[in-house]
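Engineer: Sharing coords.txt below, compact mmCIF, C-alpha atoms:
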```
# COMPACT_ATOMS: atom_id res chain seq x y z
CA MET J 1 75.34 -19.50 -41.83
CA ASP J 2 73.38 -16.98 -39.77
CA LEU J 3 70.80 -16.26 -42.46
CA LEU J 4 69.23 -13.30 -40.69
CA ALA J 5 72.59 -11.55 -40.17
CA HIS J 6 73.52 -12.15 -43.82
CA LEU J 7 70.16 -10.88 -45.07
CA ASP J 8 70.57 -7.84 -42.84
CA ALA J 9 73.88 -7.08 -44.54
CA TYR J 10 72.29 -7.52 -47.98
CA VAL J 11 69.27 -5.25 -47.31
CA ALA J 12 71.36 -2.58 -45.59
CA THR J 13 73.79 -2.46 -48.55
CA VAL J 14 70.88 -2.06 -50.98
CA ASP J 15 69.44 0.76 -48.88
CA GLU J 16 72.74 2.60 -48.46
CA ALA J 17 74.24 1.78 -51.89
CA SER J 18 77.56 1.56 -50.08
CA PHE J 19 79.40 -1.22 -48.25
CA SER J 20 80.99 1.20 -45.79
CA ARG J 21 77.77 3.01 -44.90
CA ALA J 22 75.91 -0.31 -44.55
CA ALA J 23 78.65 -1.59 -42.22
CA ASP J 24 78.37 1.59 -40.10
CA ARG J 25 74.58 1.23 -39.94
CA LEU J 26 74.87 -2.36 -38.68
CA GLY J 27 77.76 -1.57 -36.36
CA ILE J 28 80.13 -4.10 -37.88
CA ALA J 29 83.45 -3.88 -39.76
CA GLN J 30 83.26 -3.50 -43.55
CA PRO J 31 85.33 -6.65 -44.27
CA LEU J 32 82.82 -8.67 -42.22
CA LEU J 33 79.91 -7.19 -44.16
CA SER J 34 81.64 -7.96 -47.47
CA ARG J 35 82.20 -11.58 -46.39
CA ARG J 36 78.55 -11.93 -45.48
CA ILE J 37 77.44 -10.62 -48.88
CA LYS J 38 79.87 -12.99 -50.64
CA THR J 39 78.64 -15.97 -48.58
CA LEU J 40 75.04 -15.07 -49.40
CA GLU J 41 75.84 -14.88 -53.10
CA GLU J 42 77.46 -18.33 -52.95
CA HIS J 43 74.45 -19.66 -51.08
CA PHE J 44 71.95 -18.38 -53.65
CA GLY J 45 74.19 -19.00 -56.66
CA GLY J 46 74.23 -15.49 -58.15
CA LEU J 47 75.71 -12.00 -57.72
CA LEU J 48 73.64 -9.58 -55.68
CA PHE J 49 75.72 -6.48 -56.44
CA ASP J 50 77.66 -5.15 -59.41
CA ARG J 51 81.05 -4.16 -58.02
CA SER J 52 82.58 -3.14 -61.38
CA ARG J 53 81.27 0.41 -61.13
CA ARG J 54 82.32 3.24 -58.87
CA GLN J 55 79.04 3.06 -56.97
CA VAL J 56 77.64 -0.21 -55.72
CA THR J 57 74.53 -1.17 -57.67
CA THR J 58 72.10 -4.03 -57.22
CA THR J 59 71.96 -6.66 -59.96
CA GLU J 60 68.70 -7.88 -61.48
CA PHE J 61 69.14 -11.07 -59.44
CA GLY J 62 69.56 -8.96 -56.32
CA VAL J 63 66.49 -6.84 -57.09
CA LEU J 64 64.46 -10.03 -57.60
CA LEU J 65 65.42 -11.44 -54.19
CA LEU J 66 65.14 -8.14 -52.28
CA PRO J 67 61.39 -8.20 -51.35
CA TYR J 68 61.68 -11.79 -50.14
CA ALA J 69 64.71 -10.96 -48.03
CA GLN J 70 62.90 -7.96 -46.55
CA ASP J 71 59.86 -10.12 -45.80
CA VAL J 72 62.01 -12.63 -43.89
CA LEU J 73 63.56 -9.82 -41.82
CA ASP J 74 60.14 -8.26 -41.13
CA ARG J 75 58.73 -11.59 -39.97
CA ALA J 76 61.76 -12.17 -37.73
CA GLU J 77 61.27 -8.73 -36.16
CA ARG J 78 57.57 -9.44 -35.55
CA LEU J 79 58.56 -12.74 -33.95
CA ARG J 80 60.92 -10.89 -31.59
CA GLN J 81 58.18 -8.41 -30.70
CA VAL J 82 55.73 -11.22 -29.93
CA ALA J 83 58.35 -12.92 -27.76
CA ARG J 84 59.00 -9.70 -25.84
CA SER J 85 55.28 -9.15 -25.34
CA ALA J 86 54.81 -12.74 -24.18
CA ARG J 87 57.60 -12.39 -21.64
CA ARG J 88 56.03 -9.23 -20.26
CA SER J 89 52.55 -10.75 -20.05
CA ALA J 90 53.62 -14.20 -18.81
CA VAL J 91 52.12 -15.20 -15.49
CA ARG J 92 54.70 -15.19 -12.72
CA VAL J 93 53.79 -17.68 -10.04
CA VAL J 94 54.18 -16.73 -6.38
CA ALA J 95 54.27 -19.56 -3.82
CA VAL J 96 52.99 -18.91 -0.31
CA PRO J 97 52.28 -21.07 2.76
CA PRO J 98 48.96 -22.96 2.69
CA ASP J 99 47.49 -21.06 5.65
CA CYS J 100 47.29 -17.63 3.98
CA GLY J 101 43.87 -16.00 3.78
CA PRO J 102 42.08 -15.76 0.41
CA ALA J 103 41.64 -12.00 0.77
CA ALA J 104 45.39 -11.50 1.20
CA LEU J 105 46.10 -13.60 -1.90
CA ALA J 106 43.53 -11.63 -3.89
CA ARG J 107 45.32 -8.41 -2.92
CA VAL J 108 48.59 -9.87 -4.26
CA ILE J 109 47.01 -10.62 -7.65
CA ARG J 110 45.32 -7.21 -7.83
CA ALA J 111 48.54 -5.37 -6.94
CA GLY J 112 50.38 -7.30 -9.64
CA ALA J 113 47.85 -6.10 -12.23
CA GLU J 114 48.30 -2.52 -10.99
CA HIS J 115 52.08 -2.87 -11.48
CA GLY J 116 51.71 -4.39 -14.95
CA VAL J 117 52.68 -7.91 -13.83
CA SER J 118 50.44 -10.97 -14.22
CA LEU J 119 50.77 -12.90 -10.97
CA GLY J 120 49.45 -16.32 -10.09
CA VAL J 121 49.44 -17.55 -6.49
CA ARG J 122 50.00 -21.14 -5.37
CA GLU J 123 49.73 -22.40 -1.80
CA LEU J 124 52.54 -24.90 -1.30
CA ASP J 125 54.34 -26.59 1.59
CA PRO J 126 57.94 -25.48 2.33
CA GLU J 127 59.75 -28.17 0.32
CA PRO J 128 57.79 -27.66 -2.94
CA ARG J 129 58.36 -23.92 -2.63
CA LEU J 130 62.12 -24.44 -2.58
CA ALA J 131 61.97 -26.96 -5.43
CA GLY J 132 59.89 -24.59 -7.56
CA LEU J 133 62.43 -21.80 -7.15
CA ALA J 134 65.24 -24.18 -8.11
CA ASP J 135 63.59 -25.50 -11.29
CA GLY J 136 62.16 -22.15 -12.39
CA SER J 137 58.49 -23.15 -12.21
CA LEU J 138 58.04 -20.41 -9.57
CA ALA J 139 59.03 -16.78 -9.97
CA TYR J 140 58.83 -15.87 -6.28
CA ALA J 141 58.31 -17.73 -3.01
CA LEU J 142 58.38 -17.29 0.73
CA VAL J 143 61.10 -19.61 2.06
CA ARG J 144 61.25 -20.82 5.64
CA VAL J 145 64.38 -19.68 7.49
CA PRO J 146 65.24 -19.44 11.21
CA PRO J 147 63.46 -16.40 12.70
CA GLU J 148 66.74 -14.82 13.84
CA ASP J 149 67.87 -14.74 10.19
CA ALA J 150 64.52 -13.75 8.71
CA PRO J 151 63.43 -10.39 7.30
CA LEU J 152 59.83 -11.48 7.99
CA ARG J 153 58.94 -12.93 11.38
CA VAL J 154 55.56 -14.47 12.10
CA PRO J 155 54.48 -15.24 15.68
CA LEU J 156 53.57 -18.89 16.13
CA GLY J 157 51.15 -19.78 18.86
CA VAL J 158 48.89 -22.41 20.35
CA GLY J 159 45.35 -22.66 19.03
CA SER J 160 42.68 -24.28 21.17
CA ALA J 161 38.92 -24.61 21.39
CA PRO J 162 36.84 -21.70 22.73
CA ALA J 163 35.64 -22.03 26.31
CA ALA J 164 32.66 -24.33 26.73
CA ASP J 165 30.61 -21.58 28.41
CA ALA J 166 31.26 -19.03 25.64
CA PRO J 167 28.04 -18.10 23.78
CA ARG J 168 27.81 -19.93 20.46
CA ASP J 169 27.18 -16.74 18.52
CA ALA J 170 29.95 -14.76 20.22
CA PRO J 171 33.50 -15.28 18.93
CA GLY J 172 36.11 -16.05 21.53
CA PRO J 173 39.40 -14.17 21.97
CA GLY J 174 41.43 -14.37 18.81
CA ALA J 175 38.48 -15.59 16.78
CA ALA J 176 37.40 -14.13 13.49
CA GLY J 177 35.37 -10.98 13.98
CA ALA J 178 36.34 -10.61 17.63
CA PRO J 179 36.41 -7.00 18.82
CA PRO J 180 39.82 -5.54 19.62
CA GLY J 181 40.88 -6.35 23.15
CA PRO J 182 43.92 -7.06 25.30
CA ARG J 183 46.58 -9.18 23.66
CA PRO J 184 46.59 -12.82 24.80
CA ARG J 185 49.15 -13.83 27.38
CA ALA J 186 52.18 -15.57 25.89
CA VAL J 187 52.28 -19.33 26.42
CA HIS J 188 55.25 -21.17 27.90
CA LEU J 189 55.36 -24.80 26.84
CA GLU J 190 55.42 -25.72 30.53
CA ASP J 191 51.89 -24.30 30.73
CA LEU J 192 50.67 -27.17 28.53
CA ARG J 193 51.44 -29.80 31.17
CA PRO J 194 48.23 -31.32 32.59
CA ARG J 195 47.30 -30.33 36.14
CA ARG J 196 45.78 -32.57 38.78
CA SER J 197 42.11 -31.85 39.41
CA ARG J 198 40.90 -31.57 43.03
CA ASP J 199 37.67 -32.79 44.49
CA ALA J 200 35.32 -30.05 45.55
CA ALA J 201 34.90 -31.33 49.16
CA GLY J 202 38.38 -31.77 50.52
CA GLY J 203 40.58 -30.06 47.97
CA ARG J 204 42.53 -33.30 47.60
CA PRO J 205 43.68 -34.66 44.26
CA ALA J 206 40.72 -36.43 42.67
CA GLY J 207 42.76 -39.03 40.84
CA GLY J 208 45.72 -39.31 38.52
CA ARG J 209 47.04 -36.57 36.31
CA PRO J 210 44.81 -36.25 33.23
CA ALA J 211 46.25 -36.88 29.82
CA ALA J 212 47.67 -33.83 28.07
CA LEU J 213 46.12 -32.71 24.83
CA ALA J 214 48.26 -33.51 21.80
CA LEU J 215 50.00 -30.56 20.17
CA LEU J 216 49.71 -30.83 16.36
CA THR J 217 52.11 -29.30 13.87
CA THR J 218 51.35 -28.67 10.19
CA ALA J 219 53.82 -29.19 7.34
CA GLU J 220 54.81 -25.52 7.59
CA ASP J 221 56.47 -26.22 10.95
CA GLN J 222 57.92 -29.62 10.05
CA VAL J 223 60.95 -28.26 8.20
CA PRO J 224 64.00 -29.90 9.83
CA PHE J 225 65.40 -26.93 11.76
CA ALA J 226 61.96 -25.90 13.06
CA ALA J 227 60.92 -29.44 14.01
CA ASP J 228 64.22 -30.01 15.83
CA ARG J 229 63.89 -26.79 17.83
CA LEU J 230 60.34 -27.58 18.79
CA ALA J 231 61.17 -31.13 19.84
CA ARG J 232 64.01 -29.90 22.08
CA ALA J 233 61.79 -27.21 23.59
CA VAL J 234 59.07 -29.76 24.35
CA ALA J 235 61.63 -32.03 26.02
CA ARG J 236 63.03 -29.15 28.12
CA ALA J 237 59.50 -28.27 29.24
CA GLY J 238 59.02 -31.81 30.54
CA LEU J 239 56.00 -32.51 28.37
CA PRO J 240 54.97 -36.14 27.89
CA GLU J 241 56.67 -38.05 25.10
CA GLY J 242 54.46 -38.27 22.04
CA LEU J 243 52.55 -35.10 22.90
CA LEU J 244 53.99 -33.36 19.84
CA ARG J 245 52.87 -34.99 16.60
CA PRO J 246 52.30 -34.06 12.95
CA ALA J 247 48.81 -33.06 11.94
CA GLY J 248 47.05 -34.84 9.10
CA PRO J 249 44.87 -32.81 6.74
CA VAL J 250 44.53 -29.26 8.05
CA ALA J 251 40.73 -29.40 7.93
CA THR J 252 40.74 -32.49 10.17
CA ALA J 253 43.24 -30.93 12.58
CA LEU J 254 41.12 -27.79 12.76
CA ALA J 255 37.96 -29.81 13.48
CA GLU J 256 39.72 -31.73 16.27
CA THR J 257 41.00 -28.46 17.72
CA LEU J 258 37.57 -26.84 17.75
CA ALA J 259 36.18 -30.01 19.36
CA GLY J 260 38.69 -29.61 22.20
CA ARG J 261 40.50 -32.89 21.53
CA VAL J 262 43.88 -31.41 20.50
CA ARG J 263 45.79 -28.15 20.31
CA LEU J 264 47.19 -26.79 17.06
CA LEU J 265 50.33 -24.76 16.40
CA CYS J 266 49.24 -21.98 14.06
CA THR J 267 49.46 -18.26 13.36
CA GLU J 268 47.09 -15.64 14.72
CA PRO J 269 45.49 -14.76 11.33
CA PHE J 270 44.73 -18.45 10.74
CA ALA J 271 43.19 -18.79 14.21
CA ARG J 272 41.08 -15.67 13.74
CA ARG J 273 39.70 -16.88 10.40
CA HIS J 274 38.59 -20.20 11.90
CA GLY J 275 37.30 -19.22 15.33
CA VAL J 276 40.19 -20.74 17.29
CA VAL J 277 41.40 -19.24 20.56
CA TRP J 278 45.05 -18.30 20.09
CA ALA J 279 47.99 -17.34 22.29
CA PRO J 280 51.58 -16.73 21.08
CA LEU J 281 54.49 -18.91 22.14
CA HIS J 282 56.79 -17.10 24.54
CA ASP J 283 59.90 -18.66 22.98
CA THR J 284 60.47 -16.50 19.89
CA SER J 285 63.03 -18.94 18.48
CA LEU J 286 60.05 -21.21 17.74
CA HIS J 287 58.25 -18.58 15.72
CA ARG J 288 58.23 -18.69 11.92
CA GLY J 289 60.79 -16.89 9.81
CA TYR J 290 60.39 -16.17 6.11
CA ALA J 291 62.67 -14.83 3.39
CA PRO J 292 61.08 -13.67 0.12
CA ARG J 293 63.17 -15.03 -2.77
CA ALA J 294 63.11 -14.93 -6.57
CA SER J 295 64.06 -17.72 -8.96
CA HIS J 296 67.28 -17.18 -10.89
CA ARG J 297 66.04 -19.55 -13.59
CA GLN J 298 63.00 -17.53 -14.67
CA PRO J 299 63.83 -14.72 -17.14
CA GLY J 300 62.70 -11.29 -16.06
CA ALA J 301 61.83 -12.27 -12.50
CA GLY J 302 64.69 -10.26 -10.97
CA GLY J 303 64.51 -9.65 -7.24
CA VAL J 304 61.25 -9.69 -5.30
CA PRO J 305 59.63 -6.23 -5.69
CA ARG J 306 59.20 -4.27 -2.47
CA TRP J 307 55.46 -3.85 -2.99
CA LEU J 308 55.13 -7.64 -3.28
CA VAL J 309 57.21 -8.24 -0.13
CA SER J 310 54.89 -6.04 1.94
CA LEU J 311 51.79 -7.84 0.64
CA LEU J 312 53.32 -11.27 1.30
CA ALA J 313 54.25 -10.15 4.81
CA ALA J 314 50.64 -9.15 5.45
CA GLY J 315 49.44 -12.43 3.98
CA VAL J 316 51.39 -14.60 6.43
CA GLY J 317 50.83 -12.29 9.41
CA ALA J 318 54.37 -10.98 9.74
CA GLY J 319 54.78 -8.09 12.12
CA THR J 320 51.86 -9.02 14.36
CA ALA J 321 53.95 -10.35 17.25
CA SER J 322 52.49 -9.64 20.65
CA PRO J 323 54.73 -7.64 22.99
CA ALA J 324 53.98 -10.31 25.59
CA ALA J 325 55.65 -12.87 23.38
CA GLY J 326 58.99 -11.15 23.42
CA PRO J 327 61.81 -11.21 25.97
CA PRO J 328 61.67 -9.14 29.13
CA PRO J 329 62.22 -5.38 28.74
CA GLY J 330 65.84 -4.36 28.51
CA THR J 331 67.02 -7.64 26.98
CA ASP J 332 68.60 -8.14 23.59
CA GLU J 333 65.89 -9.98 21.65
CA ASP J 334 68.29 -11.35 19.04
CA ALA J 335 70.64 -12.65 21.76
CA VAL J 336 67.75 -14.38 23.55
CA THR J 337 66.57 -15.92 20.28
CA ARG J 338 70.05 -17.19 19.43
CA LEU J 339 70.49 -18.74 22.87
CA ALA J 340 67.07 -20.39 22.72
CA ALA J 341 67.81 -21.75 19.24
CA ARG J 342 70.93 -23.44 20.58
CA GLY J 343 68.93 -25.03 23.38
```
So that I can check it, write out the structure of this file as structure tokens.
Structural biologist:
Amino acid sequence: MDLLAHLDAYVATVDEASFSRAADRLGIAQPLLSRRIKTLEEHFGGLLFDRSRRQVTTTEFGVLLLPYAQDVLDRAERLRQVARSARRSAVRVVAVPPDCGPAALARVIRAGAEHGVSLGVRELDPEPRLAGLADGSLAYALVRVPPEDAPLRVPLGVGSAPAADAPRDAPGPGAAGAPPGPRPRAVHLEDLRPRRSRDAAGGRPAGGRPAALALLTTAEDQVPFAADRLARAVARAGLPEGLLRPAGPVATALAETLAGRVRLLCTEPFARRHGVVWAPLHDTSLHRGYAPRASHRQPGAGGVPRWLVSLLAAGVGAGTASPAAGPPPGTDEDAVTRLAARG
């Protein structure tokens, strides 16, 4: 028995002193209401209404039970209100890549409060972001997709150490706090091949070709489709085998990069925050693509709000692609990207 529905029928009939009016008030058929009253009477073991008169009247037994029935219904309604309030105030977790800046994440949380939504932000690698959307532990996430299919495109580039002769207190190009200047020249992977040095006297090669600096990739660029594209591009460029390798902890990779021992694939905002010299990859099919998605398993999440999409785009550096990184003028960028993606 649905006790609340049956108590509703009982209280409404007392209030209206009529089976038909009570049924109309509850939006149900009168025979259904009558069955509910009869079932309730059988459950409690006594008549609630005197049906022998022209007008329905409540029995003494019914009057005795009425305040308790009303109390149960009032408590149930308060419970529903608390549940609704809890759903509205529940923290909705947004998952973003680990290399977002703290200021950008703070703006996401603040904007959520301004829109009446409690947001929490978690920095996760690509696979946990997908898993969190699937199991409902995340409300929203930025999902890695090929750049040609992505609503948000983030230029990926090569980060390296500042020049040795750069003043220690002056940030290099692309470093945090650097004054606005010309955009860095786009990097072809072929440019990363080591060049023979020449002796100063005769201009002849001064020995064998030096070893190329390793190119490190973080977990964000180790998703299968991205790693495969990058590996094929490195092979086409004729770079030494083993030059491309996964980075360990990001802090360690960053320290090695600043020491000039390796190069790091990263975004421009990340490079700027950490004083790394940055130049975008010319091949746009190697850039990062993101799709903002909402979990279908979290009640009330719905689609990703537009205001949140714009903040997430700013957080990952979407829309900051250098013109130099694109295809030559007059070419179809999407066509070039698709061809490059196919190798």
Engineer: Using all atoms listed in the file, determine which residues lie at most 8 Å from J:Arg129, disregarding the query and same-chain residues fewer than 3 positions distant; provide the list as a VMD selection string.
Structural biologist: chain J and resid 95 to 96 124 to 126 132 to 133 138 141 to 143
Engineer: Which one of J:Leu48, J:Ala113, J:Leu308, J:Leu239 sits closest to J:Leu66 if you count all atoms listed in the file?
Structural biologist: J:Leu48
Engineer: Near J:Val91, counting all atoms listed in the file, which residues have an atom at most 7 Å away, once you skip same-chain residues fewer than 4 positions from it, shown as an NGL selection string?
Structural biologist: :J and (118-120)
Engineer: I'd like to know which of J:Ala226, J:Arg293, J:Pro280, J:Met1 is closest to J:Glu42, using only C-alpha atoms.
Structural biologist: J:Met1
Engineer: Would you mind reading off the distance between atom CA of J:Leu79 and atom CA of J:Thr58, one decimal, in Å?
Structural biologist: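 Interatomic distance here is 28.3 Å.
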